[in-house]
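Notes to accompany the following structure.
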Amino acid sequence: MKKKWLIHNHFNHEKVAQLKTSLNVSEVIAKLLSLRGIESFEDSKSFFRPNLEMLHDPFLMKGMQTAIDRINLAIKKNEKVLIFGDYDVDGTTAVALVYSFFKEYINNIRYYIPDRYSEGYGISFKSIDYAEENNYSLIIALDCGIKANDKIDYANAKQIDFIICDHHLPGEDIPNAIAVLDPKQKDCNYPFKELAGCGIGFKLAQAFCISNNYEVNKIYNYLDLVVTSIAADIVPITGENRVLAHFGLKQLNTNPRPGIKALLAFGKAENKDLDINTLVFTIAPRINAAGRIEHGSKAVELLISSTEDSVDFSAKINDTNLHRRDLDISITDEAIETLELDPITPFKKSIVIYNPNWHKGVVGIVASRLIEKFYKPTIVLTLSNGVVSGSARSVKDFDVYTAIENCSHLLEQFGGHKFAAGLTMKPENVKAFIDAFENEVSRTITKDMLVPTVEIDLEIKIDEIDDKLIRILKQFAPHGPHNMTPVFLSKGVLDTGFARVVGQNHLKLEVYQPHTKLTKVEAIAFNKGDFLSFLQKQIPLDIVYKIKENEFRGQVSIQLMIEEIRVSE
């Protein structure tokens, strides 16, 4: 698949020069900081030295005082309180945090995770009926609810109050709950808009401590849950999220809770320094898998466990995750084969594929894999309990949420954000939805959006890579949206004669640039073995790469992780 290489080379050179001088750093570092919106010494200090005092006052969030007043009233009246959350990582970590924190103050408190298959995403009528039958008068809903207007009206009719803690985009009308905490509300003045659902739960606990003059430090014990949600939900790791992620990773690396520690052992990451990638690829899939064993509440059970008893359950989760991976691969292969056999696939601007027999739990992963293959806005649908449900994923710069919203007359429910969404519809609407979505995408997407982009921070020379650069680059972590691991371009590189193919088709090489200081650096390029002949013939290549430290048998060396290669012009 052809890709365009986009190099970010528009800088305010005066501000770059000021950063270089005030921080005593190289121009490479100054430019990287500038690309991340850091333009002053103070900005740099906040970026490199996150501090918990940087967290915003939770009472700046619309509805927070009302929410705390309602919780304090529930405690005073000894009411029964139900903590409700979605079954994904963000939802279950949020429930684990809020339940664990408030059980010290609320005598009658339980948690409720909806069943993925019988209730679906978000607040359900069944959960409200459960609350009524068991005399719960207050429900705190986490990572969902911002569009559950009908469910909240149903609960109000039963004298059950709701506090909604959500981070998804609101609809036109806000639910009639006692309090709605969502920084994305138009009239909410909270300074940071990109908290994950678990982050909203954390702010609720923070506000409760402040309101009741409790020691705020006690809520910092839950930052491992917050950073797990930040990583899994792919929210921007800037501002307040950067602070939460920084200290959450510190906790995970020094004193992980027993449930997560057990998952790390199965993910073979127990004795490694954890980073956002570890959470995304090792912990998050296993927590998601927990929601598929018997019931989603098992995920919370694991996260709140205070003993090593969680190890047995972790083994079961790991097995389920392996089964999920097998399903993901087989369904992806089946979907690709179906699409490649369809003669109109190349002419469509979108992909909507439906198979009633596919497993509901992996359609989001399959959609992401289809994006990698076809690079078009993609929706994967399946049938569950008589309702068609699915997940949408998007390409860079295309707002799939708005496209789905413009087809909402054919849907029962939908929610999400610009690059990912979930939706449900009646089976008889599938054909009409496929046509409507294709029309909407065709109307709004541009030709450029359908070409994958290789994002490059800077072009640098190989001889600019040294120990000092590595040392400062390490301080750019934690990485994630809006602060991705820096990607570099070096042009006209040659191999020292070291190049060879290893594994299935991976290229191991040692690169240098002519006409510079003779600096040579080891590199590896996965699935790029086809370029071996160019290297052997000493044909100059342009390489796009990330820089990492490679540790082998106690020796630490610099290694380039090459992502793209092309013949130099």
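Convention: chains lettered A, B, ... in structure tokens order; per-chain residue numbering from 1; ligands numbered from 1 as shown.
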
List every residue of stretch 304-416 of chain A that has an atom at most 12 Å from any atom of stretch 2-8 of chain A, giving for each one its closest atom pair and the distance in Å to one decimal, counting only C-alpha atoms, sorted by chain and then by ascending residue number, as JSON lines.
{"residue": "A:Glu372", "atom": "CA", "partner": "A:Lys3", "partner_atom": "CA", "distance": 11.8}
{"residue": "A:Lys373", "atom": "CA", "partner": "A:Lys2", "partner_atom": "CA", "distance": 11.5}
{"residue": "A:Phe374", "atom": "CA", "partner": "A:Lys2", "partner_atom": "CA", "distance": 11.1}
{"residue": "A:Tyr375", "atom": "CA", "partner": "A:Lys3", "partner_atom": "CA", "distance": 10.5}

Pull the closest atom pair for each residue of stretch 421-480 of chain A that gets at most 12 Å from stretch 49-72 of chain A, along with the distance in Å to one decimal, counting only C-alpha atoms, ordering rows by chain and then ascending residue number, as a tab-separated table.
residue	atom	partner	partner_atom	distance
A:Gln475	CA	A:Arg49	CA	8.9
A:Phe476	CA	A:Arg49	CA	10.2
A:Ala477	CA	A:Pro50	CA	11.0
A:Pro478	CA	A:Pro50	CA	10.8

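In terms of minimum interatomic distance to A:Cys188, A:Pro170 ranks closest within A:Ser26, A:Asn134, A:Tyr214, A:Pro170, counting only C-alpha atoms.
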
Between atom CA of A:Asn241 and atom CA of A:Asp115 lies a distance of 29.3 Å

Using only C-alpha atoms, I'd like a table of the residues in stretch 216-326 of chain A that come within 12 Å of stretch 485-500 of chain A; for each, show the closest atom pair and its distance in Å rounded to one decimal, ordered by chain and ascending number, as a tab-separated table.
residue	atom	partner	partner_atom	distance
A:Ile237	CA	A:Thr485	CA	11.5
A:Asp275	CA	A:Thr485	CA	11.7
A:Ile276	CA	A:Thr485	CA	10.8
A:Asn277	CA	A:Thr485	CA	10.7

Backbone DSSP call of helix (DSSP H, G or I) for stretch 273-349 of chain A, listed as a PyMOL selection string: chain A and resi 276-290+297-304+310-341+345-347
